$ cat structure_1.txt   # compact mmCIF, C-alpha atoms
# COMPACT_ATOMS: atom_id res chain seq x y z
CA MET A 14 11.59 15.34 -117.91
CA ASN A 15 12.04 17.06 -114.55
CA MET A 16 10.86 20.54 -113.71
CA LEU A 17 14.30 22.13 -113.91
CA LEU A 18 14.76 20.98 -117.48
CA LYS A 19 11.26 22.06 -118.37
CA LEU A 20 12.19 25.68 -117.69
CA PHE A 21 14.43 25.57 -120.76
CA VAL A 22 12.04 23.88 -123.14
CA LYS A 23 12.19 25.11 -126.70
CA THR A 24 9.56 23.96 -129.09
CA GLY A 25 9.62 23.51 -132.84
CA LEU A 26 10.63 20.96 -135.41
CA LEU A 27 14.08 21.61 -133.95
CA ALA A 28 14.40 22.61 -130.31
CA SER A 29 17.43 24.76 -131.10
CA PHE A 30 19.09 25.57 -134.44
CA ALA A 31 22.78 26.53 -134.32
CA SER A 32 25.46 27.38 -136.87
CA THR A 33 25.59 24.90 -139.71
CA VAL A 34 28.77 22.88 -139.97
CA TRP A 35 29.47 21.03 -143.19
CA ALA A 36 28.37 17.52 -142.55
CA ALA A 37 30.29 14.30 -142.86
CA GLU A 38 27.20 12.13 -143.10
CA SER A 39 24.04 12.52 -145.13
CA TYR A 40 20.72 10.82 -144.52
CA PRO A 41 17.60 10.50 -146.69
CA ILE A 42 14.20 11.12 -145.09
CA SER A 43 11.31 9.22 -146.65
CA THR A 44 8.85 8.86 -143.74
CA CYS A 45 7.64 10.96 -140.84
CA GLU A 46 9.36 8.50 -138.51
CA ASP A 47 12.68 9.31 -140.23
CA LEU A 48 12.01 13.00 -139.52
CA ALA A 49 11.10 12.37 -135.89
CA ASN A 50 14.21 10.25 -135.39
CA ILE A 51 16.83 12.77 -136.56
CA ALA A 52 19.69 11.98 -134.19
CA ASP A 53 22.91 13.23 -135.81
CA ASN A 54 22.90 16.92 -134.92
CA ASN A 55 25.67 17.55 -137.46
CA GLY A 56 24.07 15.50 -140.21
CA GLU A 57 22.89 16.53 -143.66
CA TYR A 58 19.27 15.43 -144.01
CA TYR A 59 17.20 15.58 -147.18
CA LEU A 60 13.65 14.67 -148.16
CA VAL A 61 13.32 12.18 -151.01
CA ASN A 62 9.51 12.46 -151.17
CA SER A 63 6.63 14.27 -149.49
CA ILE A 64 5.74 12.93 -146.06
CA ASP A 65 2.45 12.81 -144.16
CA CYS A 66 2.68 12.91 -140.36
CA ALA A 67 -1.02 12.32 -139.63
CA GLN A 68 -0.30 8.90 -138.12
CA VAL A 69 2.60 10.09 -135.95
CA LEU A 70 1.31 11.14 -132.55
CA ASN A 71 3.49 12.79 -129.91
CA PHE A 72 6.01 14.24 -132.36
CA LEU A 73 8.60 15.80 -130.04
CA PRO A 74 11.05 18.57 -130.99
CA ILE A 75 14.38 17.18 -132.17
CA PRO A 76 16.46 17.69 -129.03
CA GLY A 77 19.75 19.48 -128.51
CA ALA A 78 21.31 22.11 -130.78
CA PHE A 79 20.97 21.10 -134.43
CA SER A 80 24.02 22.20 -136.44
CA GLY A 81 23.29 20.13 -139.50
CA SER A 82 21.12 20.87 -142.50
CA LEU A 83 17.67 19.90 -143.70
CA ASN A 84 16.81 20.24 -147.38
CA GLY A 85 13.21 19.58 -148.37
CA ASN A 86 13.98 19.48 -152.11
CA GLN A 87 10.60 21.23 -152.62
CA TYR A 88 8.68 18.30 -151.09
CA THR A 89 5.89 18.77 -148.54
CA ILE A 90 5.60 17.85 -144.87
CA SER A 91 1.90 17.70 -143.96
CA ASN A 92 -0.45 17.08 -141.03
CA LEU A 93 2.26 17.50 -138.40
CA THR A 94 1.51 18.31 -134.76
CA ILE A 95 4.56 19.16 -132.64
CA ASN A 96 3.74 18.69 -128.98
CA PRO A 97 6.37 18.90 -126.23
CA GLY A 98 3.83 17.61 -123.69
CA MET B 15 20.59 25.51 -143.15
CA VAL B 16 16.93 24.60 -143.44
CA GLN B 17 15.66 25.09 -146.98
CA ASN B 18 13.23 24.16 -149.74
CA ILE B 19 10.42 22.75 -147.62
CA ASN B 20 6.65 23.12 -148.03
CA PHE B 21 4.51 22.60 -144.95
CA GLU B 22 0.73 22.04 -144.80
CA ASN B 23 -1.62 21.70 -141.82
CA ILE B 24 0.85 22.18 -139.00
CA ILE B 25 0.18 22.67 -135.29
CA VAL B 26 3.00 23.70 -132.95
CA LEU B 27 2.10 23.61 -129.28
CA GLY B 28 4.05 25.30 -126.51
CA ASP B 29 4.84 23.34 -123.40
CA SER B 30 1.67 22.80 -121.40
CA THR B 31 3.13 23.55 -117.97
CA THR B 32 5.71 26.31 -118.49
CA GLY B 33 6.74 28.89 -121.04
CA SER B 34 8.64 27.73 -124.09
CA ASN B 35 10.16 29.62 -126.97
CA THR B 36 8.23 28.25 -129.90
CA GLY B 37 8.28 28.29 -133.69
CA LEU B 38 7.68 25.89 -136.55
CA ILE B 39 11.33 25.47 -137.52
CA ALA B 40 12.90 25.91 -134.07
CA GLY B 41 12.37 27.29 -130.59
CA SER B 42 15.60 29.26 -130.95
CA ALA B 43 18.18 29.83 -133.67
CA ASP B 44 21.65 31.38 -133.72
CA GLU B 45 23.96 31.60 -136.76
CA ALA B 46 21.39 29.99 -138.98
CA LEU B 47 20.06 30.22 -142.52
CA ILE B 48 16.44 29.52 -143.42
CA ASP B 49 15.52 29.81 -147.10
CA ASN B 50 12.58 28.97 -149.36
CA ILE B 51 9.98 27.75 -146.88
CA ASN B 52 6.25 27.81 -147.73
CA VAL B 53 3.68 27.13 -145.03
CA LYS B 54 -0.09 26.67 -145.40
CA ASN B 55 -2.39 26.50 -142.38
CA LEU B 56 -0.05 26.87 -139.43
CA ASN B 57 -1.27 27.24 -135.87
CA VAL B 58 1.20 28.11 -133.11
CA SER B 59 -0.10 28.36 -129.55
CA GLY B 60 0.97 28.43 -125.94
CA SER B 61 1.52 30.88 -123.11
CA ASP B 62 4.54 32.89 -121.98
CA ALA B 63 7.94 33.24 -123.71
CA ALA B 64 8.43 34.07 -127.39
CA LYS B 65 6.28 32.61 -130.13
CA GLY B 66 6.83 33.02 -133.85
CA GLY B 67 5.47 31.36 -136.92
CA ILE B 68 8.98 30.22 -137.87
CA LEU B 69 11.19 30.86 -134.81
CA GLY B 70 10.69 31.75 -131.16
CA VAL B 71 14.01 33.54 -130.60
CA ALA B 72 16.59 34.42 -133.28
CA SER B 73 20.04 35.98 -133.54
CA ASN B 74 22.63 36.02 -136.35
CA LEU B 75 19.97 34.75 -138.70
CA THR B 76 19.10 35.18 -142.36
CA LEU B 77 15.56 34.23 -143.24
CA SER B 78 14.73 34.59 -146.94
CA ASN B 79 11.89 33.61 -149.27
CA VAL B 80 9.73 32.39 -146.39
CA HIS B 81 5.98 32.60 -146.93
CA LEU B 82 3.21 31.70 -144.54
CA ASP B 83 0.53 31.91 -147.18
CA THR B 84 -2.64 31.06 -145.32
CA LYS B 85 -3.61 31.38 -141.70
CA ILE B 86 -1.41 31.60 -138.65
CA ASP B 87 -2.97 31.93 -135.23
CA ILE B 88 -0.87 32.69 -132.18
CA THR B 89 -2.13 33.00 -128.65
CA LEU B 90 0.32 34.05 -126.00
CA ASN B 91 1.18 36.19 -123.04
CA GLN B 92 4.58 37.52 -124.02
CA TYR B 93 6.08 38.16 -127.49
CA ALA B 94 4.49 37.00 -130.73
CA GLY B 95 5.46 37.60 -134.35
CA GLY B 96 4.27 36.19 -137.63
CA LEU B 97 7.81 35.02 -138.38
CA ILE B 98 9.89 35.58 -135.22
CA GLY B 99 8.83 36.14 -131.60
CA ASN B 100 12.02 37.81 -130.33
CA SER B 101 14.66 39.09 -132.77
CA VAL B 102 17.75 39.64 -130.66
CA TYR B 103 20.32 41.08 -133.12
CA ASN B 104 21.83 40.65 -136.55
CA VAL B 105 18.65 39.25 -138.08
CA LYS B 106 17.78 39.69 -141.75
CA ILE B 107 14.27 39.05 -143.07
CA LEU B 108 14.38 39.20 -146.86
CA ALA B 109 11.67 38.73 -149.51
CA SER B 110 9.30 37.07 -147.05
CA SER B 111 5.63 37.39 -146.12
CA VAL B 112 2.94 36.47 -143.64
CA GLU B 113 -0.61 36.51 -145.01
CA ALA B 114 -3.99 36.27 -143.29
CA LEU B 115 -2.27 36.49 -139.93
CA THR B 116 -4.21 36.51 -136.69
CA ILE B 117 -2.41 37.19 -133.44
CA HIS B 118 -4.36 37.18 -130.22
CA ASN B 119 -2.46 38.38 -127.19
CA ALA B 120 -4.57 38.58 -124.05
CA ASN B 121 -4.17 39.05 -120.29
CA CYS B 122 -1.04 41.17 -120.56
CA ILE B 123 -1.99 44.75 -119.76
CA ASN B 124 0.33 44.78 -116.73
CA GLY B 125 2.97 42.47 -118.16
CA SER B 126 5.67 42.65 -120.81
CA CYS B 127 4.30 41.68 -124.16
CA ALA B 128 4.22 42.66 -127.80
CA ALA B 129 2.75 41.38 -131.04
CA GLY B 130 3.78 42.21 -134.61
CA GLY B 131 2.99 41.06 -138.11
CA LEU B 132 6.54 39.86 -138.75
CA ILE B 133 8.34 40.24 -135.38
CA GLY B 134 7.02 40.50 -131.82
CA ILE B 135 9.95 42.34 -130.22
CA THR B 136 13.46 43.37 -131.17
CA THR B 137 15.92 43.30 -128.30
CA SER B 138 19.63 43.91 -128.18
CA SER B 139 22.36 44.98 -125.83
CA GLU B 140 24.31 48.21 -125.71
CA GLN B 141 27.41 46.28 -126.77
CA ILE B 142 25.99 44.49 -129.79
CA GLN B 143 24.38 47.04 -132.06
CA LEU B 144 23.82 44.83 -135.07
CA PRO B 145 20.38 45.57 -136.47
CA THR B 146 17.29 43.64 -137.32
CA THR B 147 16.69 44.27 -141.02
CA ILE B 148 13.41 43.79 -142.88
CA SER B 149 13.61 44.15 -146.65
CA ARG B 150 11.11 43.47 -149.46
CA SER B 151 8.67 41.82 -147.03
CA TYR B 152 5.08 42.26 -145.89
CA ALA B 153 2.38 41.11 -143.49
CA THR B 154 -1.41 41.03 -143.91
CA GLY B 155 -4.08 40.20 -141.35
CA GLY B 156 -4.85 41.40 -137.84
CA VAL B 157 -3.10 41.92 -134.51
CA PHE B 158 -5.34 41.89 -131.42
CA ALA B 159 -3.22 42.62 -128.38
CA ASP B 160 -3.43 44.30 -124.99
CA LYS B 161 -0.43 46.48 -125.86
CA ASN B 162 2.47 46.98 -128.24
CA GLY B 163 0.69 45.88 -131.40
CA GLY B 164 2.38 46.71 -134.73
CA GLY B 165 1.88 45.84 -138.36
CA LEU B 166 5.49 44.74 -138.80
CA ILE B 167 7.04 44.86 -135.30
CA GLY B 168 5.25 45.03 -131.94
CA LEU B 169 7.97 46.60 -129.79
CA VAL B 170 11.44 47.91 -130.63
CA ALA B 171 13.11 47.74 -127.24
CA HIS B 172 15.64 50.35 -126.13
CA HIS B 173 19.17 49.73 -127.46
CA SER B 174 17.87 47.79 -130.42
CA TYR B 175 18.45 48.80 -134.03
CA VAL B 176 15.96 48.26 -136.82
CA ASN B 177 16.20 49.00 -140.55
CA ILE B 178 13.17 48.48 -142.78
CA ASP B 179 13.01 49.07 -146.52
CA ASN B 180 10.59 48.37 -149.36
CA SER B 181 8.09 46.63 -147.10
CA TYR B 182 4.49 47.04 -145.99
CA ALA B 183 1.81 45.92 -143.59
CA GLN B 184 -1.85 45.51 -144.37
CA VAL B 185 -2.60 44.58 -140.80
CA VAL B 186 -5.59 45.71 -138.77
CA ILE B 187 -4.27 46.69 -135.34
CA ASN B 188 -6.57 46.58 -132.34
CA THR B 189 -4.55 47.28 -129.24
CA LYS B 190 -5.41 48.94 -125.92
CA LYS B 191 -2.03 50.60 -125.48
CA TYR B 192 0.71 51.43 -128.00
CA ALA B 193 -0.79 50.68 -131.39
CA GLY B 194 1.15 51.38 -134.57
CA GLY B 195 0.55 50.66 -138.23
CA LEU B 196 4.15 49.55 -138.65
CA ILE B 197 5.66 49.54 -135.14
CA GLY B 198 3.60 49.46 -131.94
CA GLN B 199 6.20 51.19 -129.79
CA ALA B 200 9.83 52.24 -130.21
CA SER B 201 10.88 52.53 -126.59
CA GLU B 202 13.37 54.54 -124.60
CA GLU B 203 14.60 53.65 -121.16
CA ASN B 204 17.26 55.37 -119.02
CA ASN B 205 18.04 57.62 -121.99
CA LYS B 206 18.82 54.59 -124.14
CA ARG B 207 16.82 54.99 -127.30
CA SER B 208 15.76 52.53 -129.88
CA ASN B 209 16.96 53.28 -133.40
CA VAL B 210 14.69 52.82 -136.38
CA THR B 211 15.17 53.76 -140.03
CA MET B 212 12.52 53.21 -142.70
CA THR B 213 12.66 53.65 -146.46
CA ASN B 214 9.61 53.12 -148.65
CA VAL B 215 7.44 51.47 -145.99
CA TYR B 216 3.69 51.83 -145.34
CA ASN B 217 0.59 50.36 -143.68
CA ALA B 218 -2.69 50.25 -145.58
CA ALA B 219 -5.10 49.08 -142.85
CA ASN B 220 -6.93 50.48 -139.80
CA VAL B 221 -5.18 51.14 -136.52
CA VAL B 222 -7.26 51.30 -133.31
CA GLY B 223 -5.82 52.04 -129.87
CA ASP B 224 -7.08 53.59 -126.65
CA ASN B 225 -3.74 55.35 -126.03
CA LYS B 226 -4.12 55.01 -122.28
$ encode --input "structure_1.txt" --output "structure tokens"
Amino acid sequence: MNMLLKLFVKTGLLASFASTVWAAESYPISTCEDLANIADNNGEYYLVNSIDCAQVLNFLPIPGAFSGSLNGNQYTISNLTINPG
Amino acid sequence: MVQNINFENIIVLGDSTTGSNTGLIAGSADEALIDNINVKNLNVSGSDAAKGGILGVASNLTLSNVHLDTKIDITLNQYAGGLIGNSVYNVKILASSVEALTIHNANCINGSCAAGGLIGITTSSEQIQLPTTISRSYATGGVFADKNGGGLIGLVAHHSYVNIDNSYAQVVINTKKYAGGLIGQASEENNKRSNVTMTNVYNAANVVGDNK
């Protein structure tokens, strides 16, 4: 990432969260890798079990403006470190 | 919409070389809904820009039934809030809480900074006068800041509108300049006032400031 882009870094599970559009595609999340690899910014994502992120190093914010949805279904995401570097 | 998630043992780091708007769910959010989120043992850190437990910067947002029910620890140089660092406009915080909060905000006596139990700063423009609303919510813990430390909101900037009802802070405030049990400072600049209404709101903890 170059220095110009770094000036606009936003950090969190999602870099940026925008208005939700009703999604065409839905995707189950069953591992921390699934969470880290969210790529459809209009997608409907849902947890199907609790996930432990202790083994996932260098978890980066999901880039771009996320306009999809994420439903945890009351499951737990644990031991997560979000580090933009 | 982000909803129905429990989080445990979470660390969110700001960018190591420059300021970044930072929060567990997102760095920034506009036209978003966040509902039914429970967080245990969250630590958000970094320097500069807006830091919140849930969001760095927010506008056109409804955040409801969000509970940070153990410790949150924010270190920063600019704006820090238990839930939201910078609430720009049209933000609703409903039935939510931050417990056992610790905010440390150092090295900012000559800068622009604020720290609050729920929100660091509310900002707005003269054109968009849609308020930040806090309803049926509370914060407990401590705010340790150079200036603008408040139990619910650190700084209500000029132009911005805030409505608070049926809410409380049990937040120890230790701030060198502009300490408030509920709001650290409601500012006025160039005859543009901030606008705050409160109904059934209180703070039950100590407030210490030098008032320099």
$ interface_residues --input "structure_1.txt" --of "chain B" --to "chain A" --cutoff "9 Å" --atoms "only C-alpha atoms" --output "ChimeraX atom specification"
/B:15-47,50-51,68-70
$ atom_distance --input "structure_1.txt" --atom1 "atom CA of Ala218 of chain B" --atom2 "atom CA of Gly165 of chain B"
9.6 Å
$ atom_distance --input "structure_1.txt" --atom1 "atom CA of Tyr40 of chain A" --atom2 "atom CA of Asn52 of chain B"
22.5 Å
$ residues_near_point --input "structure_1.txt" --point "(-5.2, 36.8, -147.2)" --cutoff "8 Å" --atoms "only C-alpha atoms" --output "PyMOL selection string"
chain B and resi 83-85+113-115+154-155
$ residues_around --input "structure_1.txt" --residues "His173 of chain B" --least-positions-apart "6" --cutoff "8 Å" --atoms "only C-alpha atoms" --output "ChimeraX atom specification"
/B:137-140,143,206-209
$ residues_around --input "structure_1.txt" --residues "Thr116 of chain B" --least-positions-apart "2" --cutoff "8 Å" --atoms "only C-alpha atoms" --output "list of chain:residue names"
B:Lys85, B:Ile86, B:Asp87, B:Ile88, B:Ala114, B:His118, B:Gly155, B:Gly156, B:Val157, B:Phe158
$ residues_around --input "structure_1.txt" --residues "Ala183 of chain B" --least-positions-apart "3" --cutoff "8 Å" --atoms "all atoms listed in the file" --output "ChimeraX atom specification"
/B:131,152-154,165-166,195-196,216-219
$ axis_aligned_box --input "structure_1.txt" --around "segment 206-216 of chain B" --padding-each-side "6 Å" --output "AutoDock Vina command-line options"
--center_x 11.3 --center_y 53.2 --center_z -136.4 --size_x 27.1 --size_y 15.5 --size_z 36.5
$ decode --input "structure_1.txt" --residues "segment 116-128 of chain B" --atoms "all heavy atoms" --output "CSV table (one decimal), in the first residue's frame"
chain,number,residue,atom,x,y,z
B,116,THR,N,-12.5,2.2,29.9
B,116,THR,CA,-11.3,3.0,30.2
B,116,THR,C,-10.9,3.7,28.9
B,116,THR,O,-10.7,3.1,27.9
B,116,THR,CB,-10.1,2.2,30.7
B,116,THR,OG1,-10.5,1.4,31.8
B,116,THR,CG2,-9.0,3.2,31.1
B,117,ILE,N,-10.9,5.1,28.9
B,117,ILE,CA,-10.3,5.8,27.8
B,117,ILE,C,-9.1,6.6,28.3
B,117,ILE,O,-9.3,7.3,29.3
B,117,ILE,CB,-11.4,6.8,27.2
B,117,ILE,CG1,-12.5,6.0,26.5
B,117,ILE,CG2,-10.7,7.7,26.1
B,117,ILE,CD1,-13.6,6.9,25.9
B,118,HIS,N,-8.0,6.4,27.7
B,118,HIS,CA,-6.9,7.2,28.0
B,118,HIS,C,-6.6,8.1,26.7
B,118,HIS,O,-6.6,7.6,25.6
B,118,HIS,CB,-5.6,6.4,28.3
B,118,HIS,CG,-5.6,5.8,29.7
B,118,HIS,ND1,-5.9,4.5,29.9
B,118,HIS,CD2,-5.5,6.4,30.9
B,118,HIS,CE1,-5.8,4.3,31.2
B,118,HIS,NE2,-5.6,5.4,31.8
B,119,ASN,N,-6.4,9.4,27.0
B,119,ASN,CA,-6.3,10.3,25.8
B,119,ASN,C,-5.2,11.3,26.3
B,119,ASN,O,-5.5,12.2,27.0
B,119,ASN,CB,-7.6,11.0,25.6
B,119,ASN,CG,-7.6,12.1,24.6
B,119,ASN,OD1,-8.4,13.1,24.7
B,119,ASN,ND2,-6.6,12.1,23.7
B,120,ALA,N,-4.0,11.0,25.8
B,120,ALA,CA,-2.9,11.8,26.3
B,120,ALA,C,-2.3,12.7,25.2
B,120,ALA,O,-2.6,12.6,24.0
B,120,ALA,CB,-1.8,10.9,26.8
B,121,ASN,N,-1.4,13.6,25.6
B,121,ASN,CA,-0.6,14.4,24.6
B,121,ASN,C,-1.5,15.3,23.7
B,121,ASN,O,-1.2,15.4,22.5
B,121,ASN,CB,0.3,13.5,23.8
B,121,ASN,CG,1.2,12.7,24.7
B,121,ASN,OD1,1.7,13.2,25.7
B,121,ASN,ND2,1.4,11.5,24.3
B,122,CYS,N,-2.5,15.8,24.3
B,122,CYS,CA,-3.4,16.6,23.4
B,122,CYS,C,-3.8,17.9,23.9
B,122,CYS,O,-4.8,18.5,23.5
B,122,CYS,CB,-4.7,15.7,23.1
B,122,CYS,SG,-5.7,16.4,21.8
B,123,ILE,N,-3.1,18.5,24.9
B,123,ILE,CA,-3.6,19.7,25.5
B,123,ILE,C,-3.6,20.9,24.5
B,123,ILE,O,-4.5,21.7,24.7
B,123,ILE,CB,-2.7,20.0,26.8
B,123,ILE,CG1,-3.5,21.0,27.6
B,123,ILE,CG2,-1.3,20.5,26.4
B,123,ILE,CD1,-4.7,20.5,28.3
B,124,ASN,N,-2.8,20.8,23.5
B,124,ASN,CA,-2.8,21.9,22.5
B,124,ASN,C,-3.5,21.5,21.2
B,124,ASN,O,-3.6,22.2,20.3
B,124,ASN,CB,-1.4,22.4,22.2
B,124,ASN,CG,-0.8,23.0,23.4
B,124,ASN,OD1,-1.4,23.8,24.1
B,124,ASN,ND2,0.5,22.6,23.7
B,125,GLY,N,-4.0,20.3,21.2
B,125,GLY,CA,-4.6,19.8,19.9
B,125,GLY,C,-6.1,19.8,20.0
B,125,GLY,O,-6.7,20.4,20.9
B,126,SER,N,-6.8,19.1,19.1
B,126,SER,CA,-8.2,18.9,19.0
B,126,SER,C,-8.5,17.5,19.4
B,126,SER,O,-8.2,16.6,18.7
B,126,SER,CB,-8.7,19.2,17.6
B,126,SER,OG,-10.1,19.0,17.6
B,127,CYS,N,-9.1,17.4,20.6
B,127,CYS,CA,-9.4,16.0,21.0
B,127,CYS,C,-10.6,16.0,22.0
B,127,CYS,O,-10.9,17.0,22.6
B,127,CYS,CB,-8.2,15.3,21.6
B,127,CYS,SG,-7.5,16.2,22.9
B,128,ALA,N,-11.2,14.8,22.1
B,128,ALA,CA,-12.3,14.7,23.0
B,128,ALA,C,-12.5,13.2,23.3
B,128,ALA,O,-12.2,12.4,22.5
B,128,ALA,CB,-13.6,15.3,22.4
